[in-house]
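Engineer: Below are the structure tokens for one structure; questions will follow.
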Amino acid sequence: MRIGSGVRCAIFTLAVTGLPWSARPVAATDMTTMTGEVIDMACYLPHPATGQGAGHKKCAEMCVKKGLPMGLLTDDKQVFLLLEDHDNPKPYASLKEKAATKVTVEGEKVSQGGTQGLVVEVVK
């Protein structure tokens, strides 16, 4: 079977560029320290005006106890999904007692498919 020059050029180009169009995207990572309010994502995302703050504390505590996802709402209104480090679960677990409270969290900043998250390593 004979391969045409156009096909050879395409194969060479794909080989040299590392097949970026078919490679699985890798999450960007970065260690960081962030301060913000611990929010329950189930309330905040559909109702940002009422799904935060001291007036939402009881609801946030109930949602977090149900196992609904937690997030960190920063002062500049960015939201980070809080993620447990499977090798160090205690800092993440401690956040369950801090719903609707401002905290400082250290961890690995990750993003994938438009979602940004923070793998919790230390809570202050």
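Identifiers in the structure tokens: chain A, B, ... in order shown; residue index from 1 per chain; ligand index from 1 in order shown.
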Asp30 (chain A): which residues within 8 Å, counting only C-alpha atoms, same-chain residues fewer than 3 positions away excluded, as an MDAnalysis selection string?
Structural biologist: chainID A and resid 108:110
Engineer: What is the distance, in Å and to one decimal place, between CA of Val105 (chain A) and CA of Thr35 (chain A)?
Structural biologist: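 That distance, rounded to one decimal, is 6.2 Å.
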Engineer: Please return as a VMD selection string: the residues of region 12-110 of chain A that backbone DSSP assigns to strand (DSSP E or B).
Structural biologist: chain A and resid 28 to 40 70 to 74 79 to 85 88 102 to 110
Engineer: Among region 54-94 of chain A, which residues carry a DSSP assignment of alpha helix (DSSP H), reported as a CSV table (one decimal) with N, CA and C atoms, in the first residue's frame?
Structural biologist:
chain,number,residue,atom,x,y,z
A,57,LYS,N,-26.3,30.4,57.1
A,57,LYS,CA,-25.4,29.5,57.9
A,57,LYS,C,-26.1,28.2,58.2
A,58,LYS,N,-27.4,28.2,58.7
A,58,LYS,CA,-28.1,27.0,59.1
A,58,LYS,C,-28.3,26.1,57.9
A,59,CYS,N,-28.7,26.6,56.8
A,59,CYS,CA,-28.9,25.9,55.6
A,59,CYS,C,-27.6,25.3,55.1
A,60,ALA,N,-26.6,26.1,55.1
A,60,ALA,CA,-25.3,25.6,54.6
A,60,ALA,C,-24.8,24.4,55.5
A,61,GLU,N,-24.9,24.6,56.8
A,61,GLU,CA,-24.5,23.5,57.7
A,61,GLU,C,-25.3,22.2,57.4
A,62,MET,N,-26.6,22.3,57.2
A,62,MET,CA,-27.4,21.1,56.9
A,62,MET,C,-27.0,20.5,55.5
A,63,CYS,N,-26.7,21.3,54.5
A,63,CYS,CA,-26.3,20.8,53.2
A,63,CYS,C,-25.0,20.1,53.3
A,64,VAL,N,-24.0,20.7,54.0
A,64,VAL,CA,-22.7,20.1,54.2
A,64,VAL,C,-22.8,18.8,54.9
A,65,LYS,N,-23.7,18.7,56.0
A,65,LYS,CA,-23.8,17.5,56.7
A,65,LYS,C,-24.4,16.4,55.8
A,90,LYS,N,-8.1,15.1,57.0
A,90,LYS,CA,-8.5,15.8,58.1
A,90,LYS,C,-8.7,17.3,57.8
A,91,PRO,N,-7.9,18.0,57.1
A,91,PRO,CA,-8.1,19.4,56.9
A,91,PRO,C,-9.5,19.7,56.1
A,92,TYR,N,-9.7,18.8,55.1
A,92,TYR,CA,-11.0,19.0,54.4
A,92,TYR,C,-12.2,18.7,55.4
A,93,ALA,N,-12.1,17.7,56.2
A,93,ALA,CA,-13.2,17.3,57.1
A,93,ALA,C,-13.4,18.4,58.1
A,94,SER,N,-12.4,19.1,58.5
A,94,SER,CA,-12.6,20.2,59.4
A,94,SER,C,-13.4,21.4,58.8
Engineer: Fewer than 3 positions away in the same chain doesn't count, so skip those; otherwise give me all residues within 10 Å of Glu106 (chain A), counting only C-alpha atoms, as a PyMOL selection string.
Structural biologist: chain A and resi 31-35+91+109+118-124
Engineer: Keeping only C-alpha atoms, write the selected residues as a JSON list (two decimals), in the first residue's frame.
Structural biologist:
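Dumped everything to out_5.json:
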[["chain", "number", "residue", "atom", "x", "y", "z"],
["A", 31, "MET", "CA", 0.02, 25.44, 45.37],
["A", 32, "THR", "CA", -1.70, 28.48, 46.82],
["A", 33, "THR", "CA", -3.25, 30.11, 49.87],
["A", 34, "MET", "CA", -6.80, 31.47, 49.59],
["A", 35, "THR", "CA", -9.20, 33.17, 51.94],
["A", 91, "PRO", "CA", -8.14, 19.43, 56.88],
["A", 109, "LYS", "CA", -5.13, 24.77, 42.92],
["A", 118, "LEU", "CA", -8.63, 23.51, 45.63],
["A", 119, "VAL", "CA", -7.24, 20.30, 47.12],
["A", 120, "VAL", "CA", -7.29, 21.19, 50.83],
["A", 121, "GLU", "CA", -3.99, 20.67, 52.66],
["A", 122, "VAL", "CA", -4.18, 23.16, 55.57],
["A", 123, "VAL", "CA", -7.05, 25.16, 57.12],
["A", 124, "LYS", "CA", -6.37, 28.29, 59.18]]
Engineer: Taking into account only C-alpha atoms, which residue in the set A:Pro46, A:Leu68, A:Pro89, A:Leu83 is nearest to Gly117 (chain A)?
Structural biologist: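 Closest candidate: A:Leu83.
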Engineer: Which residues come within 6 Å of Met70 (chain A), counting only C-alpha atoms, excluding same-chain residues fewer than 6 positions away, as JSON, numbers by chain?
Structural biologist: {"A": [39, 40, 41, 82]}
Engineer: Print the selection's residues with N, CA and C atoms to a file, as a JSON list (two decimals), in the first residue's frame.
Structural biologist:
[["chain", "number", "residue", "atom", "x", "y", "z"],
["A", 39, "ILE", "N", -18.83, 27.76, 51.38],
["A", 39, "ILE", "CA", -20.21, 27.75, 50.91],
["A", 39, "ILE", "C", -20.62, 26.33, 50.55],
["A", 40, "ASP", "N", -21.93, 26.08, 50.58],
["A", 40, "ASP", "CA", -22.41, 24.82, 50.02],
["A", 40, "ASP", "C", -22.78, 25.12, 48.57],
["A", 41, "MET", "N", -22.20, 24.35, 47.69],
["A", 41, "MET", "CA", -22.35, 24.60, 46.25],
["A", 41, "MET", "C", -23.79, 24.41, 45.77],
["A", 82, "LEU", "N", -14.04, 22.75, 46.82],
["A", 82, "LEU", "CA", -13.09, 22.24, 47.81],
["A", 82, "LEU", "C", -13.01, 20.73, 47.68]]
Engineer: Of the candidates A:Glu84, A:Leu73, A:Gly36, A:Lys102, which one gets nearest to Gly51 (chain A) if we count only C-alpha atoms?
Structural biologist: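 Comparing A:Glu84, A:Leu73, A:Gly36, A:Lys102 against Gly51 (chain A), the winner is A:Leu73.
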Engineer: Can you work out the spacing between CA of Ala49 (chain A) and CA of Gln116 (chain A) in Å, to one decimal?
Structural biologist: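 Between CA of Ala49 (chain A) and CA of Gln116 (chain A) the gap is 20.5 Å.
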Engineer: Please indicate the distance in Å from CA of Thr50 (chain A) to CA of Gln112 (chain A), rounded to one decimal place.
Structural biologist: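 One can read the CA of Thr50 (chain A) to CA of Gln112 (chain A) distance as 27.2 Å.
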Engineer: With distances taken over only C-alpha atoms, which residue among A:Leu81, A:Thr74, A:Gly53, A:Asn88 lies nearest Val103 (chain A)?
Structural biologist: A:Thr74
